[in-house]
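What's in data-v1.cif: mmCIF, C-alpha atoms (C1' of nucleotides)
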data_upload
loop_
_atom_site.label_atom_id
_atom_site.label_comp_id
_atom_site.auth_asym_id
_atom_site.auth_seq_id
_atom_site.Cartn_x
_atom_site.Cartn_y
_atom_site.Cartn_z
CA MET A 166 -99.75 25.52 49.26
CA ALA A 167 -101.25 23.85 52.24
CA LEU A 168 -100.43 24.13 55.90
CA ARG A 169 -98.45 27.16 54.77
CA HIS A 170 -101.49 29.38 54.43
CA ALA A 171 -103.18 28.02 57.52
CA VAL A 172 -100.12 29.06 59.55
CA LEU A 173 -100.07 32.45 57.90
CA ALA A 174 -103.79 32.89 58.67
CA ALA A 175 -103.28 31.80 62.28
CA LEU A 176 -100.59 34.45 62.70
CA LEU A 177 -103.18 37.15 61.93
CA ASP A 178 -104.34 36.71 65.53
CA GLY A 179 -101.00 38.02 66.74
CA GLU A 180 -97.46 36.75 66.99
CA ALA A 181 -96.99 33.16 68.05
CA SER A 182 -94.20 30.62 68.44
CA GLY A 183 -94.00 27.23 66.77
CA TYR A 184 -94.84 25.59 70.05
CA GLU A 185 -97.96 27.66 70.52
CA LEU A 186 -99.09 27.05 66.95
CA GLY A 187 -98.28 23.37 67.29
CA LYS A 188 -100.77 23.13 70.14
CA ARG A 189 -103.37 25.20 68.34
CA PHE A 190 -103.13 23.00 65.26
CA ASP A 191 -103.63 19.93 67.41
CA ARG A 192 -106.58 21.48 69.24
CA GLY A 193 -108.52 24.67 68.58
CA VAL A 194 -107.44 25.47 65.06
CA GLY A 195 -107.24 21.74 64.38
CA GLU A 196 -110.70 22.33 62.94
CA LEU A 197 -108.99 24.59 60.48
CA TRP A 198 -106.06 22.43 59.51
CA ASN A 199 -104.47 19.74 61.59
CA ALA A 200 -100.75 19.10 61.65
CA ARG A 201 -97.98 17.70 63.76
CA PRO A 202 -95.72 20.14 65.59
CA GLN A 203 -92.74 19.07 63.48
CA GLN A 204 -94.51 20.17 60.36
CA VAL A 205 -95.53 23.48 61.88
CA TYR A 206 -91.90 24.23 62.80
CA ALA A 207 -90.80 23.23 59.31
CA GLU A 208 -93.39 25.53 57.72
CA LEU A 209 -92.40 28.44 59.95
CA ASN A 210 -88.81 28.05 58.80
CA THR A 211 -89.85 27.87 55.18
CA LEU A 212 -92.12 30.90 55.54
CA GLU A 213 -89.34 32.87 57.19
CA ARG A 214 -86.82 31.95 54.50
CA SER A 215 -89.38 33.07 51.91
CA GLY A 216 -89.78 36.39 53.71
CA LEU A 217 -93.49 35.85 54.40
CA ILE A 218 -93.09 35.97 58.17
CA ARG A 219 -90.53 37.54 60.47
CA GLY A 220 -89.35 35.95 63.72
CA ARG A 221 -87.78 37.32 66.86
CA GLU A 222 -86.35 35.63 69.94
CA VAL A 223 -88.22 36.07 73.20
CA PRO A 224 -86.31 35.09 76.35
CA GLN A 225 -88.69 33.89 79.06
CA GLN A 226 -88.53 33.68 82.83
CA GLY A 227 -88.30 30.05 83.89
CA ARG A 228 -88.60 28.60 80.39
CA PRO A 229 -86.48 28.10 77.29
CA THR A 230 -86.28 31.04 74.90
CA LYS A 231 -88.89 30.93 72.17
CA ARG A 232 -89.13 32.40 68.70
CA VAL A 233 -92.34 34.20 67.79
CA PHE A 234 -93.44 35.15 64.29
CA VAL A 235 -95.58 37.76 62.56
CA PRO A 236 -96.56 38.00 58.89
CA THR A 237 -94.59 40.52 56.82
CA GLU A 238 -96.15 42.73 54.15
CA ALA A 239 -95.23 40.02 51.65
CA GLY A 240 -97.01 37.55 53.93
CA TYR A 241 -100.23 39.56 53.87
CA ALA A 242 -99.94 39.85 50.10
CA GLU A 243 -99.44 36.10 49.76
CA LEU A 244 -102.49 35.42 51.92
CA ALA A 245 -104.57 37.80 49.81
CA ARG A 246 -103.37 36.08 46.64
CA PHE A 247 -104.15 32.66 48.09
CA ALA A 248 -107.64 33.76 49.16
CA ALA A 249 -108.38 35.11 45.71
CA ASP A 250 -107.50 32.09 43.62
CA SER A 251 -109.54 28.94 43.34
CA ALA A 252 -109.66 26.65 46.36
CA ARG A 253 -108.87 22.98 46.19
CA PRO A 254 -111.77 20.78 47.17
CA ALA A 255 -111.84 19.94 50.87
CA ALA A 256 -110.12 16.72 51.93
CA HIS A 257 -112.27 14.31 53.91
CA ARG A 258 -110.08 11.72 55.55
CA ASP A 259 -111.29 9.81 58.52
CA ASP A 260 -110.29 6.27 59.40
CA LEU A 261 -113.38 5.87 61.55
CA LEU A 262 -115.70 6.60 58.64
CA VAL A 263 -113.93 3.95 56.55
CA LYS A 264 -114.34 1.48 59.40
CA VAL A 265 -118.04 2.23 59.68
CA TYR A 266 -118.38 1.82 55.93
CA ALA A 267 -116.97 -1.68 56.43
CA ALA A 268 -119.16 -2.26 59.49
CA ASP A 269 -120.86 -5.32 58.07
CA ALA A 270 -117.55 -7.12 57.57
CA VAL A 271 -115.72 -6.27 60.80
CA ASP A 272 -115.99 -6.65 64.57
CA ALA A 273 -118.88 -4.52 65.86
CA ALA A 274 -117.76 -4.33 69.51
CA SER A 275 -114.48 -2.62 68.68
CA LEU A 276 -116.25 -0.29 66.28
CA ILE A 277 -118.77 0.71 68.94
CA ALA A 278 -115.93 1.36 71.39
CA GLN A 279 -114.24 3.63 68.86
CA LEU A 280 -117.48 5.46 68.12
CA ARG A 281 -117.97 6.06 71.85
CA GLU A 282 -114.46 7.45 72.10
CA ARG A 283 -115.02 9.72 69.13
CA ALA A 284 -118.35 10.86 70.55
CA ALA A 285 -116.60 11.84 73.78
CA GLN A 286 -113.92 13.72 71.87
CA SER A 287 -116.49 15.57 69.80
CA ARG A 288 -118.45 16.51 72.90
CA SER A 289 -115.40 17.98 74.58
CA ARG A 290 -114.17 19.72 71.44
CA ALA A 291 -117.61 21.24 70.96
CA ALA A 292 -117.51 22.50 74.54
CA MET A 293 -114.02 23.92 74.01
CA LEU A 294 -115.11 25.65 70.82
CA ASP A 295 -118.10 27.11 72.66
CA LYS A 296 -115.68 28.71 75.07
CA VAL A 297 -113.51 30.00 72.25
CA LEU A 298 -116.58 31.53 70.57
CA GLU A 299 -117.73 33.07 73.84
CA ARG A 300 -114.29 34.58 74.37
CA LEU A 301 -114.31 35.98 70.82
CA ARG A 302 -117.78 37.51 71.30
CA ASP A 303 -116.54 39.03 74.54
CA GLY A 304 -119.95 39.70 76.03
CA ALA A 305 -121.75 40.70 72.86
CA GLU A 306 -124.66 38.84 71.25
CA GLU A 307 -123.67 36.74 68.25
CA THR A 308 -125.71 38.72 65.73
CA GLU A 309 -124.43 41.99 67.12
CA PHE A 310 -120.83 40.73 67.16
CA LEU A 311 -120.96 39.42 63.59
CA GLY A 312 -122.48 42.70 62.41
CA GLY A 313 -119.98 44.97 64.02
CA SER A 314 -116.65 43.28 64.70
CA SER A 315 -113.56 43.60 62.61
CA ARG A 316 -112.50 40.01 63.40
CA VAL A 317 -115.28 37.82 62.09
CA GLY A 318 -112.97 35.39 60.25
CA PRO A 319 -111.88 33.32 63.24
CA TYR A 320 -115.42 33.41 64.58
CA LEU A 321 -116.95 32.01 61.39
CA ALA A 322 -114.23 29.37 61.16
CA CYS A 323 -114.78 28.26 64.76
CA MET A 324 -118.52 28.20 64.14
CA ARG A 325 -117.88 25.70 61.36
CA GLY A 326 -115.74 23.61 63.67
CA ARG A 327 -118.41 23.75 66.33
CA MET A 328 -121.09 22.60 63.88
CA PHE A 329 -118.86 19.81 62.67
CA GLU A 330 -118.24 18.47 66.17
CA GLN A 331 -121.93 18.64 67.04
CA ASP A 332 -122.76 16.71 63.91
CA THR A 333 -120.06 14.14 64.53
CA LEU A 334 -121.44 13.59 68.00
CA HIS A 335 -124.99 13.04 66.72
CA TRP A 336 -123.76 10.69 64.04
CA CYS A 337 -121.65 8.65 66.45
CA LEU A 338 -124.61 8.23 68.81
CA ARG A 339 -126.88 7.16 65.96
CA ALA A 340 -124.30 4.71 64.60
CA ILE A 341 -123.75 3.20 68.07
CA GLU A 342 -127.51 2.80 68.47
CA VAL A 343 -127.84 1.04 65.12
CA LEU A 344 -124.85 -1.25 65.64
CA GLU A 345 -125.94 -2.18 69.14
CA ALA A 346 -129.47 -3.02 68.00
CA ARG A 347 -127.97 -5.64 65.71
CA GLY A 348 -126.34 -7.50 68.61
CA MET B 133 -102.36 2.79 55.80
CA ALA B 134 -104.65 5.29 54.22
CA LEU B 135 -106.49 5.20 50.93
CA ARG B 136 -105.58 1.52 50.98
CA HIS B 137 -108.33 0.62 53.45
CA ALA B 138 -110.89 2.92 51.89
CA VAL B 139 -110.44 1.10 48.59
CA LEU B 140 -110.69 -2.26 50.32
CA ALA B 141 -113.89 -1.12 52.07
CA ALA B 142 -115.34 0.20 48.81
CA LEU B 143 -114.76 -3.20 47.19
CA LEU B 144 -117.10 -4.78 49.76
CA ASP B 145 -119.96 -3.45 47.64
CA GLY B 146 -118.89 -5.72 44.82
CA GLU B 147 -116.13 -5.89 42.24
CA ALA B 148 -115.08 -2.63 40.65
CA SER B 149 -112.45 -1.32 38.28
CA GLY B 150 -109.99 1.46 38.98
CA TYR B 151 -111.96 3.75 36.73
CA GLU B 152 -115.22 3.08 38.58
CA LEU B 153 -113.55 3.59 41.96
CA GLY B 154 -111.86 6.72 40.67
CA LYS B 155 -115.27 8.20 39.94
CA ARG B 156 -116.71 7.08 43.25
CA PHE B 157 -113.79 8.60 45.12
CA ASP B 158 -114.29 11.87 43.34
CA ARG B 159 -118.05 11.84 43.96
CA GLY B 160 -120.19 9.52 46.06
CA VAL B 161 -117.60 7.87 48.24
CA GLY B 162 -115.62 11.08 48.13
CA GLU B 163 -117.26 11.68 51.48
CA LEU B 164 -115.42 8.61 52.62
CA TRP B 165 -111.97 9.40 51.30
CA ASN B 166 -111.09 11.55 48.35
CA ALA B 167 -108.31 10.71 45.95
CA ARG B 168 -107.21 11.21 42.41
CA PRO B 169 -107.73 8.40 39.92
CA GLN B 170 -103.96 7.95 39.59
CA GLN B 171 -103.67 7.18 43.24
CA VAL B 172 -106.57 4.76 43.15
CA TYR B 173 -104.93 2.84 40.30
CA ALA B 174 -101.65 2.80 42.16
CA GLU B 175 -103.31 1.49 45.32
CA LEU B 176 -105.13 -1.23 43.39
CA ASN B 177 -101.82 -2.43 42.00
CA THR B 178 -100.21 -2.38 45.44
CA LEU B 179 -103.15 -4.21 46.98
CA GLU B 180 -103.03 -6.84 44.26
CA ARG B 181 -99.28 -7.35 44.66
CA SER B 182 -99.87 -7.76 48.41
CA GLY B 183 -102.53 -10.38 47.73
CA LEU B 184 -105.30 -8.38 49.42
CA ILE B 185 -107.40 -8.10 46.28
CA ARG B 186 -107.65 -10.18 43.12
CA GLY B 187 -108.23 -8.72 39.67
CA ARG B 188 -109.62 -10.12 36.45
CA GLU B 189 -109.91 -8.69 32.96
CA VAL B 190 -113.36 -7.92 31.66
CA PRO B 191 -113.62 -7.32 27.90
CA GLN B 192 -116.46 -4.95 27.08
CA GLN B 193 -118.59 -4.32 24.05
CA GLY B 194 -117.77 -0.91 22.61
CA ARG B 195 -115.22 0.05 25.28
CA PRO B 196 -111.66 -0.75 26.29
CA THR B 197 -111.15 -3.85 28.42
CA LYS B 198 -111.21 -3.12 32.15
CA ARG B 199 -109.78 -4.89 35.18
CA VAL B 200 -112.12 -5.42 38.12
CA PHE B 201 -111.09 -6.35 41.64
CA VAL B 202 -112.49 -8.15 44.66
CA PRO B 203 -111.00 -8.52 48.14
CA THR B 204 -109.34 -11.87 48.89
CA GLU B 205 -109.61 -13.68 52.23
CA ALA B 206 -106.40 -11.89 53.22
CA GLY B 207 -108.07 -8.64 52.21
CA TYR B 208 -111.04 -9.24 54.50
CA ALA B 209 -108.63 -10.13 57.30
CA GLU B 210 -106.63 -6.96 56.74
CA LEU B 211 -109.79 -4.87 56.83
CA ALA B 212 -110.83 -6.55 60.09
CA ARG B 213 -107.39 -5.88 61.56
CA PHE B 214 -107.50 -2.26 60.45
CA ALA B 215 -110.99 -1.77 61.91
CA ALA B 216 -109.88 -3.22 65.23
CA ASP B 217 -106.84 -1.09 65.90
CA SER B 218 -106.88 2.52 66.93
CA ALA B 219 -107.95 5.10 64.37
CA ARG B 220 -105.89 8.12 63.50
CA PRO B 221 -107.66 11.38 64.22
CA ALA B 222 -109.65 12.69 61.27
CA ALA B 223 -107.89 15.11 58.94
CA HIS B 224 -109.66 18.44 58.41
CA ARG B 225 -108.20 20.19 55.44
CA ASP B 226 -110.15 22.80 53.63
CA ASP B 227 -108.67 25.78 51.82
CA LEU B 228 -111.97 27.63 51.99
CA LEU B 229 -112.05 27.45 55.77
CA VAL B 230 -108.53 28.90 55.92
CA LYS B 231 -109.62 31.71 53.63
CA VAL B 232 -112.63 32.48 55.81
CA TYR B 233 -110.38 32.46 58.86
CA ALA B 234 -108.38 35.17 57.11
CA ALA B 235 -111.58 36.98 56.00
CA ASP B 236 -110.67 40.23 57.74
CA ALA B 237 -107.41 40.52 55.82
CA VAL B 238 -108.47 39.51 52.31
CA ASP B 239 -110.86 40.48 49.51
CA ALA B 240 -114.45 39.83 50.60
CA ALA B 241 -116.00 39.73 47.13
CA SER B 242 -113.90 36.81 45.97
CA LEU B 243 -114.52 35.03 49.26
CA ILE B 244 -118.27 35.43 48.89
CA ALA B 245 -118.08 34.09 45.34
CA GLN B 246 -116.22 31.03 46.56
CA LEU B 247 -118.69 30.49 49.38
CA ARG B 248 -121.56 30.64 46.89
CA GLU B 249 -119.84 28.08 44.73
CA ARG B 250 -119.26 25.79 47.70
CA ALA B 251 -122.86 26.22 48.80
CA ALA B 252 -124.03 25.12 45.37
CA GLN B 253 -121.72 22.10 45.46
CA SER B 254 -122.92 21.09 48.89
CA ARG B 255 -126.53 21.43 47.85
CA SER B 256 -126.05 19.15 44.87
CA ARG B 257 -123.92 16.66 46.78
CA ALA B 258 -126.56 16.50 49.49
CA ALA B 259 -129.21 15.83 46.84
CA MET B 260 -127.02 13.13 45.30
CA LEU B 261 -126.47 11.50 48.68
CA ASP B 262 -130.21 11.57 49.32
CA LYS B 263 -130.67 9.53 46.19
CA VAL B 264 -127.93 7.12 47.20
CA LEU B 265 -129.57 6.67 50.61
CA GLU B 266 -132.96 6.17 49.02
CA ARG B 267 -131.53 3.53 46.70
CA LEU B 268 -129.86 1.75 49.64
CA ARG B 269 -133.12 1.77 51.64
CA ASP B 270 -134.85 0.34 48.58
CA GLY B 271 -138.37 1.26 49.63
CA ALA B 272 -138.01 0.59 53.35
CA GLU B 273 -138.31 3.16 56.13
CA GLU B 274 -134.96 4.29 57.53
CA THR B 275 -135.54 2.90 61.02
CA GLU B 276 -136.78 -0.37 59.59
CA PHE B 277 -133.86 -0.61 57.17
CA LEU B 278 -131.23 0.14 59.80
CA GLY B 279 -132.79 -2.43 62.13
CA GLY B 280 -132.95 -5.24 59.63
CA SER B 281 -130.48 -4.86 56.80
CA SER B 282 -127.16 -6.62 56.55
CA ARG B 283 -125.54 -3.65 54.80
CA VAL B 284 -125.79 -0.75 57.22
CA GLY B 285 -122.14 0.32 56.86
CA PRO B 286 -122.45 2.21 53.60
CA TYR B 287 -125.75 3.68 54.75
CA LEU B 288 -124.28 5.07 57.96
CA ALA B 289 -121.27 6.42 56.10
CA CYS B 290 -123.44 8.16 53.49
CA MET B 291 -125.61 9.56 56.29
CA ARG B 292 -122.49 11.19 57.68
CA GLY B 293 -121.66 12.62 54.28
CA ARG B 294 -125.20 13.89 53.92
CA MET B 295 -125.08 15.61 57.32
CA PHE B 296 -121.74 17.13 56.47
CA GLU B 297 -122.97 18.62 53.20
CA GLN B 298 -126.11 19.98 54.83
CA ASP B 299 -124.01 21.63 57.49
CA THR B 300 -121.56 23.01 54.99
CA LEU B 301 -124.45 24.54 53.07
CA HIS B 302 -125.88 26.24 56.18
CA TRP B 303 -122.49 27.52 57.17
CA CYS B 304 -121.73 28.93 53.72
CA LEU B 305 -125.06 30.77 53.65
CA ARG B 306 -124.45 32.21 57.10
CA ALA B 307 -120.91 33.28 56.22
CA ILE B 308 -122.11 34.94 53.00
CA GLU B 309 -124.78 36.80 54.95
CA VAL B 310 -122.26 38.06 57.50
CA LEU B 311 -119.66 39.06 54.95
CA GLU B 312 -122.23 40.84 52.78
CA ALA B 313 -123.62 42.79 55.72
CA ARG B 314 -120.17 44.29 56.18
CA GLY B 315 -120.15 45.77 52.70
"C1'" DA C 121 -79.66 13.70 93.65
"C1'" DC C 122 -82.85 11.56 90.47
"C1'" DT C 123 -86.70 11.12 87.72
"C1'" DT C 124 -90.47 12.99 85.31
"C1'" DA C 125 -93.09 16.68 82.99
"C1'" DT C 126 -93.38 20.76 80.24
"C1'" DT C 127 -91.60 23.96 77.15
"C1'" DA C 128 -89.16 24.60 72.83
"C1'" DC C 129 -87.30 22.96 68.88
"C1'" DT C 130 -84.53 19.95 65.07
"C1'" DC C 131 -83.29 16.16 61.88
"C1'" DA C 132 -83.94 12.47 58.74
"C1'" DA C 133 -86.35 8.76 56.45
"C1'" DG C 134 -90.16 7.28 54.38
"C1'" DA C 135 -95.17 7.07 53.28
"C1'" DA C 136 -98.95 9.39 51.13
"C1'" DC C 137 -100.65 12.45 47.99
"C1'" DT C 138 -100.68 15.80 43.87
"C1'" DT C 139 -99.60 17.34 39.30
"C1'" DG C 140 -98.82 16.90 34.69
"C1'" DA C 141 -98.12 14.36 30.86
"C1'" DG C 142 -99.02 10.50 28.12
"C1'" DT C 143 -101.04 5.87 25.83
"C1'" DA C 144 -104.86 3.46 23.72
"C1'" DT C 145 -109.77 2.20 22.47
"C1'" DT C 146 -114.32 3.24 21.05
"C1'" DC C 147 -118.32 6.23 20.10
"C1'" DA C 148 -120.59 10.34 18.50
"C1'" DT C 149 -120.76 14.57 15.83
"C1'" DA C 150 -119.59 17.64 12.52
"C1'" DT D 83 -112.82 11.62 7.95
"C1'" DA D 84 -111.09 14.48 11.25
"C1'" DT D 85 -112.33 16.19 16.02
"C1'" DG D 86 -113.69 15.76 20.40
"C1'" DA D 87 -115.42 13.15 24.42
"C1'" DA D 88 -115.62 9.24 27.37
"C1'" DT D 89 -113.54 5.03 28.99
"C1'" DA D 90 -109.43 2.83 30.94
"C1'" DC D 91 -105.07 3.09 32.58
"C1'" DT D 92 -99.68 4.26 33.36
"C1'" DC D 93 -95.39 6.87 34.49
"C1'" DA D 94 -92.48 10.12 36.66
"C1'" DA D 95 -91.41 14.07 39.40
"C1'" DG D 96 -92.37 16.66 42.98
"C1'" DT D 97 -94.74 18.29 47.30
"C1'" DT D 98 -96.78 17.42 51.63
"C1'" DC D 99 -97.31 14.92 55.66
"C1'" DT D 100 -96.08 11.31 59.15
"C1'" DT D 101 -93.07 8.76 62.18
"C1'" DG D 102 -89.52 8.25 65.16
"C1'" DA D 103 -85.71 9.75 67.34
"C1'" DG D 104 -83.32 13.23 69.15
"C1'" DT D 105 -81.38 17.92 71.88
"C1'" DA D 106 -81.78 21.23 75.47
"C1'" DA D 107 -83.62 24.19 79.29
"C1'" DT D 108 -86.35 24.79 83.51
"C1'" DA D 109 -89.70 23.28 87.16
"C1'" DA D 110 -91.69 20.04 90.34
"C1'" DG D 111 -92.04 16.18 92.76
"C1'" DT D 112 -89.56 11.91 95.38
#
Encoded form using structure tokens:
Amino acid sequence: MALRHAVLAALLDGEASGYELGKRFDRGVGELWNARPQQVYAELNTLERSGLIRGREVPQQGRPTKRVFVPTEAGYAELARFAADSARPAAHRDDLLVKVYAADAVDAASLIAQLRERAAQSRSRAAMLDKVLERLRDGAEETEFLGGSSRVGPYLACMRGRMFEQDTLHWCLRAIEVLEARG
Amino acid sequence: MALRHAVLAALLDGEASGYELGKRFDRGVGELWNARPQQVYAELNTLERSGLIRGREVPQQGRPTKRVFVPTEAGYAELARFAADSARPAAHRDDLLVKVYAADAVDAASLIAQLRERAAQSRSRAAMLDKVLERLRDGAEETEFLGGSSRVGPYLACMRGRMFEQDTLHWCLRAIEVLEARG
DNA sequence: ACTTATTACTCAAGAACTTGAGTATTCATA
DNA sequence: TATGAATACTCAAGTTCTTGAGTAATAAGT
């Protein structure tokens, strides 16, 4: 009960291959649940064997054949069941935060460099998520879109990701400022 | 390389027993890295066997004897090494976010109930972190404290946690609003 | 013709984490 | 004086995730 449901939820947006999902889980939907491609492929196979998704081969022009998947009825039912029972608490796991916690006992220069790198990542992820949100809104105003659309789930989830990246950016900048002021 | 360094970093604040860390990792420092008590105990034993921390028994009045740990020189060195090499990307893993992503395909009432619960949790965690921050500042102004103190690491890390909880709260309230407006 | 990059996916070993059950001590409360 | 709650910790089994090394097909540059 883990990546499994994230994959199932991602497939609500339409059929996708392991490769496509692998990229999404490293990027856009990485806000949702991050995973290595290998694990995504493994989960797809497990889900298919359990009858929760169904795959079909799609030959492509100029590329290897891929296998794309859609949830089955059982898959939708499983997702509904999952959504209804109690959620595990969110997992916060970030090496950088641990390093900052130990800031007073470790090399500041390297820490600052890593905070700068993270700040840059957060800035670009925030920008990417802005584009994703814009594409989802498809011209409409946010309030209007959220009132009327039938696909608010991905929008709300991306909003959360966007907020998170914005926050991370602010925090990194503040931490850099503090650490630099100490010499 | 995981909970290991979070435990090591947590021990910078002074000696602690597995039980004490277990509580911290479920609550205050849970922002830093969450873990079950069993895993914390296991890590403490591994760290001790590796010579990165040293434990001693502390008999207590009216309670079972506990074992408290402090980092050794090797432990400090390991933490420095860890802080210097490249961080893994942060892990985002939250069942509730997956459920919201699937909002359009699952029962809204249960989702709203779970969002309310999470909102309440975030509100109380934010309040708790405010107290922790206040205690760390110990009367000083934030700017003053961050400029002068020798223990900014935990402060910066708790700040991040505080921001995260605040954000989570806002997001939950917004998501509830949107989902309720759809009936 | 050769290398490199991208797409597309698999296998296997091991590390990290969760779950569930259990031990033992002391204090409070009924 | 039994019962429950909190402290303090262990063991074992299982799941989940990471790491590293592959295979194979096509395209694009050198």
Find the residues of chain B that sit at most 12 Å from chain C; for each, write down the nearest two atoms and how far apart they are in Å, to one decimal. Count all atoms listed in the file. Sort by chain, then by number going up, and give it as a Markdown table.
| residue | atom | partner | partner_atom | distance |
| --- | --- | --- | --- | --- |
| B:Met133 | CA | C:DA135 | C1' | 8.7 |
| B:Ala134 | CA | C:DA136 | C1' | 7.7 |
| B:Leu135 | CA | C:DA136 | C1' | 8.6 |
| B:Arg136 | CA | C:DA136 | C1' | 10.3 |
| B:Asn166 | CA | C:DC137 | C1' | 10.5 |
| B:Ala167 | CA | C:DC137 | C1' | 8.1 |
| B:Arg168 | CA | C:DT138 | C1' | 8.1 |
| B:Pro169 | CA | C:DT138 | C1' | 11.0 |
| B:Gln170 | CA | C:DT138 | C1' | 9.5 |
| B:Gln171 | CA | C:DC137 | C1' | 7.7 |
| B:Val172 | CA | C:DC137 | C1' | 10.8 |
| B:Ala174 | CA | C:DC137 | C1' | 11.3 |
| B:Glu175 | CA | C:DA136 | C1' | 10.7 |
| B:Pro191 | CA | C:DT145 | C1' | 11.6 |
| B:Gln192 | CA | C:DT146 | C1' | 10.4 |
| B:Gln193 | CA | C:DT146 | C1' | 9.2 |
| B:Gly194 | CA | C:DT146 | C1' | 5.6 |
| B:Arg195 | CA | C:DT146 | C1' | 5.4 |
| B:Pro196 | CA | C:DT145 | C1' | 5.2 |
| B:Thr197 | CA | C:DT145 | C1' | 8.6 |
| B:Lys198 | CA | C:DT145 | C1' | 11.1 |
Exercise for review: Using CA of Trp303 in chain B and CA of Ser315 in chain A as the two end points, give the distance in Å to one decimal.
Suggested key: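 Here the two named atoms are 19.2 Å from each other.
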Exercise for review: Using the chain letters and residue numbers of this document, give as number ranges by chain the residues selected by the PyMOL selection byres ((chain A) within 6 of (chain B)).
Suggested key: A: 171, 174, 198, 245, 248-249, 252, 255-260, 263-269, 271, 275, 316, 318-319, 322
Practice item. Point out the residue among B:Val200, B:Leu265, B:Ile185, B:Met260 with the least atom-to-atom distance to chain D, counting all atoms listed in the file. Key: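 Among B:Val200, B:Leu265, B:Ile185, B:Met260, it is B:Val200 that comes nearest to chain D.
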Practice item. Using the chain letters and residue numbers of this document, give as a ChimeraX atom specification the residues selected by the PyMOL selection byres ((chain A and resi 292) around 12). Key: /A:193,285-291,293-299,323-324,326-328,330-331,334
**Study point:** Hits from the PyMOL selection byres ((chain D) within 8 of (chain A)), listed as a VMD selection string
**Key:** chain D and resid 98 to 99 107 to 109
Please write the residues from the selection above to a file, keeping C-alpha atoms (C1' of nucleotides), as a PDB file, keeping the file's coordinate frame.
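Saved to part12.pdb:
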ATOM      1  C1'  DT D  98     -96.780  17.420  51.630  1.00  0.00           C
ATOM      2  C1'  DC D  99     -97.310  14.920  55.660  1.00  0.00           C
ATOM      3  C1'  DA D 107     -83.620  24.190  79.290  1.00  0.00           C
ATOM      4  C1'  DT D 108     -86.350  24.790  83.510  1.00  0.00           C
ATOM      5  C1'  DA D 109     -89.700  23.280  87.160  1.00  0.00           C
TER       6       DA D 109
END
Review point. Do you have the CA of Tyr184 in chain A-CA of Gly220 in chain A distance handy?
Key: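 So the two atoms, CA of Tyr184 in chain A and CA of Gly220 in chain A, lie 13.3 Å apart.
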